[in-house]
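Raw contents of input-v1.pdb, PDB, C-alpha atoms:
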```pdb
ATOM      1  CA  MET I 595       3.083  -9.463 -13.457
ATOM      2  CA  LYS I 596       1.669  -7.599 -16.445
ATOM      3  CA  ILE I 597       1.939  -3.892 -17.182
ATOM      4  CA  LEU I 598      -1.464  -2.553 -18.201
ATOM      5  CA  ARG I 599      -0.746   1.124 -18.816
ATOM      6  CA  GLU I 600       1.037   4.239 -17.638
ATOM      7  CA  SER I 601      -0.019   5.526 -14.245
ATOM      8  CA  SER I 602       0.962   8.672 -12.361
ATOM      9  CA  GLU I 603       1.848  10.142  -9.010
ATOM     10  CA  ASP I 604      -1.645  11.681  -8.902
ATOM     11  CA  GLU I 605      -3.314   8.291  -9.334
ATOM     12  CA  MET I 606      -1.069   6.713  -6.697
ATOM     13  CA  ILE I 607      -1.904   9.442  -4.181
ATOM     14  CA  LEU I 608      -5.627   9.051  -4.811
ATOM     15  CA  GLU I 609      -5.546   5.277  -4.347
ATOM     16  CA  TYR I 610      -3.404   5.632  -1.235
ATOM     17  CA  LEU I 611      -5.882   8.060   0.321
ATOM     18  CA  LYS I 612      -8.884   5.935  -0.694
ATOM     19  CA  ALA I 613      -7.399   3.010   1.207
ATOM     20  CA  GLU I 614      -6.688   5.073   4.313
ATOM     21  CA  TYR I 615     -10.115   6.736   4.166
ATOM     22  CA  THR I 616     -11.790   3.360   4.748
ATOM     23  CA  SER I 617      -9.175   2.055   7.204
ATOM     24  CA  GLU I 618     -10.323   1.314  10.745
ATOM     25  CA  ARG I 619      -6.878   2.216  12.010
ATOM     26  CA  PHE I 620      -6.103   5.402  10.098
ATOM     27  CA  SER I 621      -9.390   7.000   9.000
ATOM     28  CA  GLU I 622      -9.654   9.217  12.086
ATOM     29  CA  GLN I 623      -6.158  10.642  11.554
ATOM     30  CA  LEU I 624      -7.011  11.327   7.928
ATOM     31  CA  LYS I 625     -10.178  13.178   8.940
ATOM     32  CA  GLU I 626      -8.088  15.376  11.225
ATOM     33  CA  ALA I 627      -5.777  16.194   8.295
ATOM     34  CA  PHE I 628      -8.814  17.106   6.167
ATOM     35  CA  GLU I 629     -10.006  19.519   8.827
ATOM     36  CA  LYS I 630      -6.589  21.077   9.351
ATOM     37  CA  LEU I 631      -6.178  21.786   5.629
ATOM     38  CA  GLY I 632      -9.807  22.779   5.074
ATOM     39  CA  LEU I 633     -10.290  20.249   2.290
ATOM     40  CA  GLU I 634     -13.514  18.575   1.206
ATOM     41  CA  LYS I 635     -13.836  14.798   1.414
ATOM     42  CA  SER I 636     -15.233  14.853  -2.121
ATOM     43  CA  ILE I 637     -11.653  14.970  -3.444
ATOM     44  CA  ILE I 638     -11.478  11.310  -2.434
ATOM     45  CA  ILE I 639     -15.105  10.180  -2.642
ATOM     46  CA  SER I 640     -15.783  11.623  -6.110
ATOM     47  CA  ALA I 641     -12.257  12.359  -7.282
ATOM     48  CA  ASP I 642     -11.374  13.847 -10.651
ATOM     49  CA  LEU I 643      -7.800  13.066 -11.683
ATOM     50  CA  GLN I 644      -8.051  15.652 -14.460
ATOM     51  CA  ASN I 645      -8.609  18.426 -11.906
ATOM     52  CA  THR I 646      -5.219  19.997 -11.108
ATOM     53  CA  ALA I 647      -6.520  21.762  -8.002
ATOM     54  CA  GLU I 648      -7.850  18.474  -6.618
ATOM     55  CA  ASN I 649      -4.572  16.717  -7.374
ATOM     56  CA  ALA I 650      -2.653  19.425  -5.545
ATOM     57  CA  GLY I 651      -5.045  19.188  -2.601
ATOM     58  CA  ARG I 652      -4.643  15.417  -2.371
ATOM     59  CA  LYS I 653      -0.847  15.760  -2.458
ATOM     60  CA  ARG I 654      -0.965  18.299   0.382
ATOM     61  CA  LEU I 655      -3.277  15.961   2.284
ATOM     62  CA  LEU I 656      -0.933  12.991   1.951
ATOM     63  CA  GLY I 657       1.910  15.278   3.001
ATOM     64  CA  GLU I 658       0.072  16.366   6.137
ATOM     65  CA  PHE I 659      -1.116  12.861   6.923
ATOM     66  CA  ARG I 660       1.938  10.763   6.028
ATOM     67  CA  GLY I 661       4.754  13.190   5.234
ATOM     68  CA  TYR I 662       4.651  12.524   1.484
ATOM     69  CA  GLY I 663       6.711  14.988  -0.576
ATOM     70  CA  MET I 664       8.193  16.386   2.629
ATOM     71  CA  GLY I 665      10.668  13.634   3.426
ATOM     72  CA  GLN I 666       8.961  13.001   6.737
ATOM     73  CA  LYS I 667       7.235  10.207   8.691
ATOM     74  CA  MET I 668       6.928   7.054   6.580
ATOM     75  CA  PHE I 669       8.262   8.907   3.520
ATOM     76  CA  GLU I 670      11.603   9.814   5.064
ATOM     77  CA  ARG I 671      14.340   8.943   2.508
ATOM     78  CA  PHE I 672      11.617   7.869   0.073
ATOM     79  CA  PRO I 673      13.095   7.113  -3.373
ATOM     80  CA  ALA I 674      12.607   9.354  -6.391
ATOM     81  CA  VAL I 675      10.205   7.558  -8.726
ATOM     82  CA  SER I 676      11.109   7.731 -12.415
ATOM     83  CA  GLU I 677       7.902   6.193 -13.790
ATOM     84  CA  TRP I 678       4.540   4.896 -12.632
ATOM     85  CA  LYS I 679       2.768   1.884 -14.113
ATOM     86  CA  LEU I 680      -0.580   0.240 -13.469
ATOM     87  CA  CYS I 681       0.109  -3.491 -13.315
ATOM     88  CA  THR I 682      -1.736  -6.680 -12.506
ATOM     89  CA  PHE I 683      -0.326  -9.333 -10.209
ATOM     90  CA  SER I 684      -1.346 -12.952  -9.816
ATOM     91  CA  ASN I 685      -0.571 -16.000  -7.716
ATOM     92  CA  ALA I 686       2.768 -16.698  -9.389
ATOM     93  CA  ASP I 687       4.015 -13.261  -8.272
ATOM     94  CA  LEU I 688       3.470 -13.768  -4.548
ATOM     95  CA  GLU I 689       7.046 -14.853  -3.831
ATOM     96  CA  LYS I 690       8.377 -11.617  -5.395
ATOM     97  CA  ILE I 691       6.557  -9.340  -2.955
ATOM     98  CA  ARG I 692       8.114  -8.081   0.281
ATOM     99  CA  TYR I 693       7.141  -5.987   3.281
ATOM    100  CA  ILE I 694       9.099  -2.894   4.265
ATOM    101  CA  ASP I 695      11.763  -3.362   6.935
ATOM    102  CA  TYR I 696       9.678  -2.738  10.056
ATOM    103  CA  SER I 697       9.778  -4.638  13.347
ATOM    104  CA  TYR I 698       6.171  -5.862  13.317
ATOM    105  CA  TRP I 699       6.266  -7.136   9.720
ATOM    106  CA  ASN I 700       9.733  -8.607  10.271
ATOM    107  CA  GLU I 701       8.472 -10.647  13.208
ATOM    108  CA  LEU I 702       5.214 -11.655  11.555
ATOM    109  CA  SER I 703       7.082 -12.927   8.489
ATOM    110  CA  ALA I 704       9.787 -14.719  10.553
ATOM    111  CA  GLY I 705      12.450 -12.409   9.155
ATOM    112  CA  THR I 706      11.694 -13.147   5.489
ATOM    113  CA  HIS I 707       9.684  -9.965   4.769
ATOM    114  CA  MET I 708       7.328 -12.183   2.749
ATOM    115  CA  PRO I 709       3.535 -12.011   3.146
ATOM    116  CA  LEU I 710       3.434 -15.752   2.396
ATOM    117  CA  SER I 711       5.545 -16.391   5.505
ATOM    118  CA  ALA I 712       3.348 -14.054   7.541
ATOM    119  CA  ALA I 713       0.332 -16.089   6.460
ATOM    120  CA  GLU I 714       2.001 -19.216   7.863
ATOM    121  CA  THR I 715       2.547 -17.420  11.191
ATOM    122  CA  ILE I 716      -1.098 -16.370  11.287
ATOM    123  CA  ARG I 717      -2.385 -19.844  10.409
ATOM    124  CA  ALA I 718      -0.251 -21.233  13.225
ATOM    125  CA  GLY I 719      -2.125 -18.969  15.642
ATOM    126  CA  LYS I 720       0.949 -16.953  16.601
ATOM    127  CA  THR I 721       0.618 -13.239  17.366
ATOM    128  CA  VAL I 722       3.282 -10.536  17.354
ATOM    129  CA  TYR I 723       3.624  -7.912  20.088
ATOM    130  CA  GLY I 724       0.229  -8.921  21.426
ATOM    131  CA  VAL I 725      -1.562  -7.667  18.289
ATOM    132  CA  SER I 726      -4.549  -9.794  17.267
ATOM    133  CA  ASN I 727      -4.546 -11.440  13.829
ATOM    134  CA  ASP I 728      -8.320 -11.024  13.524
ATOM    135  CA  GLY I 729      -8.026  -8.112  11.082
ATOM    136  CA  PHE I 730      -6.063 -10.240   8.620
ATOM    137  CA  LEU I 731      -8.514 -13.114   8.927
ATOM    138  CA  ARG I 732     -11.534 -10.838   8.424
ATOM    139  CA  ALA I 733      -9.922  -9.254   5.365
ATOM    140  CA  ALA I 734      -9.110 -12.669   3.887
ATOM    141  CA  GLU I 735     -12.708 -13.796   4.400
ATOM    142  CA  TYR I 736     -13.936 -10.541   2.841
ATOM    143  CA  ILE I 737     -12.029 -11.139  -0.390
ATOM    144  CA  ARG I 738     -13.038 -14.822  -0.457
ATOM    145  CA  ASN I 739     -16.633 -13.601  -0.429
ATOM    146  CA  GLY I 740     -16.048 -11.365  -3.443
ATOM    147  CA  GLY I 741     -14.970  -8.192  -1.691
ATOM    148  CA  SER I 742     -12.488  -5.840  -3.327
ATOM    149  CA  PHE I 743      -9.960  -3.293  -2.070
ATOM    150  CA  PRO I 744      -8.395  -0.082  -3.400
ATOM    151  CA  LYS I 745      -5.257  -0.603  -5.459
ATOM    152  CA  LEU I 746      -2.045  -1.563  -3.695
ATOM    153  CA  PHE I 747       1.129   0.493  -4.114
ATOM    154  CA  PHE I 748       4.549  -1.145  -4.652
ATOM    155  CA  LEU I 749       8.052   0.065  -5.452
ATOM    156  CA  THR I 750      10.542  -1.770  -7.657
ATOM    157  CA  SER I 751      13.916  -1.203  -9.238
ATOM    158  CA  ASP I 752      13.774  -4.079 -11.727
ATOM    159  CA  TYR I 753      10.135  -5.196 -12.181
ATOM    160  CA  GLU I 754      11.218  -8.527 -10.703
ATOM    161  CA  ASN I 755      11.081  -7.784  -6.961
ATOM    162  CA  PHE I 756       8.538  -5.534  -5.269
ATOM    163  CA  VAL I 757       8.279  -3.765  -1.922
ATOM    164  CA  ILE I 758       4.880  -2.863  -0.477
ATOM    165  CA  VAL I 759       4.463   0.838   0.260
ATOM    166  CA  GLU I 760       0.735   0.876   0.974
ATOM    167  CA  GLY I 761      -1.443  -2.158   1.579
ATOM    168  CA  HIS I 762       0.403  -4.379   4.066
ATOM    169  CA  LEU I 763      -2.786  -5.668   5.693
ATOM    170  CA  ARG I 764      -4.481  -6.270   2.349
ATOM    171  CA  MET I 765      -1.425  -8.018   0.925
ATOM    172  CA  THR I 766      -1.328 -10.268   4.003
ATOM    173  CA  ALA I 767      -5.003 -11.086   3.467
ATOM    174  CA  TYR I 768      -4.221 -12.087  -0.121
ATOM    175  CA  ALA I 769      -1.399 -14.306   1.192
ATOM    176  CA  LEU I 770      -4.003 -16.029   3.377
ATOM    177  CA  ALA I 771      -6.366 -16.351   0.413
ATOM    178  CA  THR I 772      -3.927 -16.989  -2.409
ATOM    179  CA  GLU I 773      -6.672 -18.264  -4.683
ATOM    180  CA  CYS I 774      -8.048 -14.707  -4.762
ATOM    181  CA  PHE I 775      -4.756 -13.093  -5.771
ATOM    182  CA  ASP I 776      -5.479 -13.083  -9.473
ATOM    183  CA  ASN I 777      -5.256 -10.046 -11.778
ATOM    184  CA  ILE I 778      -5.013  -7.710  -8.787
ATOM    185  CA  GLU I 779      -4.307  -4.123  -9.837
ATOM    186  CA  VAL I 780      -1.269  -2.449  -8.300
ATOM    187  CA  ILE I 781       0.319   0.928  -8.945
ATOM    188  CA  VAL I 782       4.065   0.362  -9.246
ATOM    189  CA  GLY I 783       6.697   3.059  -8.929
ATOM    190  CA  ASN I 784      10.100   2.434 -10.485
ATOM    191  CA  CYS I 785      13.160   3.804  -8.680
ATOM    192  CA  SER I 786      16.873   3.164  -8.264
ATOM    193  CA  GLY I 787      17.862   0.036  -6.369
ATOM    194  CA  GLU I 788      20.234   2.018  -4.167
ATOM    195  CA  GLU I 789      17.543   4.465  -3.074
ATOM    196  CA  LEU I 790      15.059   1.647  -2.534
ATOM    197  CA  LYS I 791      17.502  -0.189  -0.297
ATOM    198  CA  LYS I 792      18.096   2.947   1.798
ATOM    199  CA  TRP I 793      14.360   3.468   2.279
ATOM    200  CA  THR I 794      13.396  -0.107   3.086
TER     201      THR I 794
END
```
Take the structure I supplied and represent it as structure tokens, if you would.
Amino acid sequence: MKILRESSEDEMILEYLKAEYTSERFSEQLKEAFEKLGLEKSIIISADLQNTAENAGRKRLLGEFRGYGMGQKMFERFPAVSEWKLCTFSNADLEKIRYIDYSYWNELSAGTHMPLSAAETIRAGKTVYGVSNDGFLRAAEYIRNGGSFPKLFFLTSDYENFVIVEGHLRMTAYALATECFDNIEVIVGNCSGEELKKWT
């Protein structure tokens, strides 16, 4: 893992929303949040991180959509982040990356929380809770063919071990196509180990 530069909460929120905007699973819910708040999709499509009004709008949007900044939904008990960094990760870092503690990811990774273990489950043709693995396989093929994704979002307390906040499907695809996990940009939030443990 290499630290490239300082990042920010605003950049993290933008990348998070960009990923969900193109997600087959979540894009419709995000559109509903746009409509409820009366926001324009341009704040994602042609975003300006120097625009304070846009940044505030995106934060409200992530709050409505995912509970960010409100201590709700997936951000219940979310740790306070002391600093944000833009980092690159490569193949040697794969064993340091973990899923959140959630039943589906626990089962898929055989209790290890590791995307590498989940990839073994998928290659073995096993499914969890009747959910098809086709999405992971399509995403892995997409990156093998030169496709790219929005930045992932991890949390850490020591810059040695990392928990995925946003990008579980994409990280699983990289675990299936490890040769493509090279200089992948990730926004990393640093927080206390105690708070991270309570959240995950």
For region 595-669 of chain I against region 775-783 of chain I, with a cut-off of 12 Å and counting all atoms listed in the file, what is the closest atom pair and its distance in Å to one decimal for every residue that makes the cut, ordered by chain and number, as a tab-separated table?
```
residue	atom	partner	partner_atom	distance
I:Met595	CA	I:Asn777	CA	8.5
I:Lys596	CA	I:Asn777	CA	8.7
I:Ile597	CA	I:Val782	CA	9.3
I:Leu598	CA	I:Glu779	CA	9.0
I:Arg599	CA	I:Ile781	CA	9.9
I:Glu600	CA	I:Ile781	CA	9.3
I:Ser601	CA	I:Ile781	CA	7.0
I:Ser602	CA	I:Ile781	CA	8.5
I:Glu603	CA	I:Gly783	CA	8.6
I:Asp604	CA	I:Ile781	CA	10.9
I:Glu605	CA	I:Ile781	CA	8.2
I:Met606	CA	I:Ile781	CA	6.4
I:Ile607	CA	I:Ile781	CA	10.0
I:Leu608	CA	I:Ile781	CA	10.9
I:Glu609	CA	I:Ile781	CA	8.6
I:Tyr610	CA	I:Ile781	CA	9.8
```
Practice item. Pick out the residues sitting within 12 Å of Phe748 (chain I), and hand them over as number ranges by chain; count all atoms listed in the file, and ignore anything fewer than 5 positions along from it in its own chain. Key: I: 606, 609-610, 673, 675, 678-683, 690-694, 753-762, 765, 779-785, 790, 794
Output file for the residues above (C-alpha atoms, as a PDB file, in the coordinates of the input):
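What follows is the written file result21.pdb:
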```pdb
ATOM      1  CA  MET I 606      -1.069   6.713  -6.697  1.00  0.00           C
ATOM      2  CA  GLU I 609      -5.546   5.277  -4.347  1.00  0.00           C
ATOM      3  CA  TYR I 610      -3.404   5.632  -1.235  1.00  0.00           C
ATOM      4  CA  PRO I 673      13.095   7.113  -3.373  1.00  0.00           C
ATOM      5  CA  VAL I 675      10.205   7.558  -8.726  1.00  0.00           C
ATOM      6  CA  TRP I 678       4.540   4.896 -12.632  1.00  0.00           C
ATOM      7  CA  LYS I 679       2.768   1.884 -14.113  1.00  0.00           C
ATOM      8  CA  LEU I 680      -0.580   0.240 -13.469  1.00  0.00           C
ATOM      9  CA  CYS I 681       0.109  -3.491 -13.315  1.00  0.00           C
ATOM     10  CA  THR I 682      -1.736  -6.680 -12.506  1.00  0.00           C
ATOM     11  CA  PHE I 683      -0.326  -9.333 -10.209  1.00  0.00           C
ATOM     12  CA  LYS I 690       8.377 -11.617  -5.395  1.00  0.00           C
ATOM     13  CA  ILE I 691       6.557  -9.340  -2.955  1.00  0.00           C
ATOM     14  CA  ARG I 692       8.114  -8.081   0.281  1.00  0.00           C
ATOM     15  CA  TYR I 693       7.141  -5.987   3.281  1.00  0.00           C
ATOM     16  CA  ILE I 694       9.099  -2.894   4.265  1.00  0.00           C
ATOM     17  CA  TYR I 753      10.135  -5.196 -12.181  1.00  0.00           C
ATOM     18  CA  GLU I 754      11.218  -8.527 -10.703  1.00  0.00           C
ATOM     19  CA  ASN I 755      11.081  -7.784  -6.961  1.00  0.00           C
ATOM     20  CA  PHE I 756       8.538  -5.534  -5.269  1.00  0.00           C
ATOM     21  CA  VAL I 757       8.279  -3.765  -1.922  1.00  0.00           C
ATOM     22  CA  ILE I 758       4.880  -2.863  -0.477  1.00  0.00           C
ATOM     23  CA  VAL I 759       4.463   0.838   0.260  1.00  0.00           C
ATOM     24  CA  GLU I 760       0.735   0.876   0.974  1.00  0.00           C
ATOM     25  CA  GLY I 761      -1.443  -2.158   1.579  1.00  0.00           C
ATOM     26  CA  HIS I 762       0.403  -4.379   4.066  1.00  0.00           C
ATOM     27  CA  MET I 765      -1.425  -8.018   0.925  1.00  0.00           C
ATOM     28  CA  GLU I 779      -4.307  -4.123  -9.837  1.00  0.00           C
ATOM     29  CA  VAL I 780      -1.269  -2.449  -8.300  1.00  0.00           C
ATOM     30  CA  ILE I 781       0.319   0.928  -8.945  1.00  0.00           C
ATOM     31  CA  VAL I 782       4.065   0.362  -9.246  1.00  0.00           C
ATOM     32  CA  GLY I 783       6.697   3.059  -8.929  1.00  0.00           C
ATOM     33  CA  ASN I 784      10.100   2.434 -10.485  1.00  0.00           C
ATOM     34  CA  CYS I 785      13.160   3.804  -8.680  1.00  0.00           C
ATOM     35  CA  LEU I 790      15.059   1.647  -2.534  1.00  0.00           C
ATOM     36  CA  THR I 794      13.396  -0.107   3.086  1.00  0.00           C
TER      37      THR I 794
END
```
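Contact shell of region 627-629 of chain I at 8 Å (all atoms listed in the file; same-chain neighbours under 4 positions omitted): Gln623, Leu633, Glu634, Lys635, Leu655, Glu658 and Phe659 of chain I.
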Name the residues in contact with Tyr736 (chain I) at a cut-off of 12 Å, using only C-alpha atoms, excluding same-chain residues fewer than 2 positions from it; report them as a PDB file with C-alpha atoms, in the coordinates of the input.
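Here's the written file selection.pdb:
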```pdb
ATOM      1  CA  GLY I 729      -8.026  -8.112  11.082  1.00  0.00           C
ATOM      2  CA  PHE I 730      -6.063 -10.240   8.620  1.00  0.00           C
ATOM      3  CA  LEU I 731      -8.514 -13.114   8.927  1.00  0.00           C
ATOM      4  CA  ARG I 732     -11.534 -10.838   8.424  1.00  0.00           C
ATOM      5  CA  ALA I 733      -9.922  -9.254   5.365  1.00  0.00           C
ATOM      6  CA  ALA I 734      -9.110 -12.669   3.887  1.00  0.00           C
ATOM      7  CA  ARG I 738     -13.038 -14.822  -0.457  1.00  0.00           C
ATOM      8  CA  ASN I 739     -16.633 -13.601  -0.429  1.00  0.00           C
ATOM      9  CA  GLY I 740     -16.048 -11.365  -3.443  1.00  0.00           C
ATOM     10  CA  GLY I 741     -14.970  -8.192  -1.691  1.00  0.00           C
ATOM     11  CA  SER I 742     -12.488  -5.840  -3.327  1.00  0.00           C
ATOM     12  CA  PHE I 743      -9.960  -3.293  -2.070  1.00  0.00           C
ATOM     13  CA  ARG I 764      -4.481  -6.270   2.349  1.00  0.00           C
ATOM     14  CA  ALA I 767      -5.003 -11.086   3.467  1.00  0.00           C
ATOM     15  CA  TYR I 768      -4.221 -12.087  -0.121  1.00  0.00           C
ATOM     16  CA  LEU I 770      -4.003 -16.029   3.377  1.00  0.00           C
ATOM     17  CA  ALA I 771      -6.366 -16.351   0.413  1.00  0.00           C
ATOM     18  CA  CYS I 774      -8.048 -14.707  -4.762  1.00  0.00           C
TER      19      CYS I 774
END
```
Problem - Picked residues, the PyMOL selection byres ((chain I and resi 727) around 12), as a list in words - result: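 Applying the PyMOL selection byres ((chain I and resi 727) around 12) to the structure shown produces Leu702, Ala712, Ala713, Glu714, Thr715, Ile716, Arg717, Ala718, Gly719, Lys720, Thr721, Val722, Tyr723, Gly724, Val725, Ser726, Asp728, Gly729, Phe730, Leu731, Arg732, Ala733, Ala734, Leu763, Thr766, Ala767 and Leu770 of chain I.
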Between I:Trp699, I:Ser684, I:Leu611, I:Ser676, smallest distance to Lys653 (chain I) by only C-alpha atoms belongs to I:Leu611
Computed interatomic separation between CA of Met708 (chain I) and CA of Glu689 (chain I) (Å):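 We find that CA of Met708 (chain I) and CA of Glu689 (chain I) lie 7.1 Å from each other.
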Can you turn the PyMOL selection byres ((chain I and resi 648) around 10) into a concrete residue list for this file, as an MDAnalysis selection string?
chainID I and resid 604 608 633:634 636:638 641:647 649:654
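Going from CA of Glu670 (chain I) to CA of Lys745 (chain I) covers 22.4 Å.
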Contacts of Phe672 (chain I) at 9 Å (all atoms listed in the file; same-chain gap of 6+ positions) as a PDB file with C-alpha atoms, in the frame of the given file:
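Wrote it out as out23.pdb, contents follow:
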```pdb
ATOM      1  CA  TYR I 662       4.651  12.524   1.484  1.00  0.00           C
ATOM      2  CA  GLY I 663       6.711  14.988  -0.576  1.00  0.00           C
ATOM      3  CA  GLY I 665      10.668  13.634   3.426  1.00  0.00           C
ATOM      4  CA  GLN I 666       8.961  13.001   6.737  1.00  0.00           C
ATOM      5  CA  GLU I 789      17.543   4.465  -3.074  1.00  0.00           C
ATOM      6  CA  LEU I 790      15.059   1.647  -2.534  1.00  0.00           C
ATOM      7  CA  LYS I 792      18.096   2.947   1.798  1.00  0.00           C
ATOM      8  CA  TRP I 793      14.360   3.468   2.279  1.00  0.00           C
ATOM      9  CA  THR I 794      13.396  -0.107   3.086  1.00  0.00           C
TER      10      THR I 794
END
```
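Across the model, the gap from CA of Asn685 (chain I) to CA of Phe669 (chain I) is 28.7 Å.
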Adding 6 Å on each side of the box along x, y and z that holds all listed atoms of region 672-690 of chain I, could you give its centre and edge lengths in Å to one decimal, as AutoDock Vina command-line options?
```
--center_x 5.7 --center_y -3.7 --center_z -7.0 --size_x 26.8 --size_y 38.1 --size_z 26.2
```
Pick from I:Asp695, I:Glu626, I:Glu677, I:Met664, whichever lies nearest to Leu749 (chain I) using only C-alpha atoms:
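With only C-alpha atoms as the atom set, the closest residue is I:Glu677.
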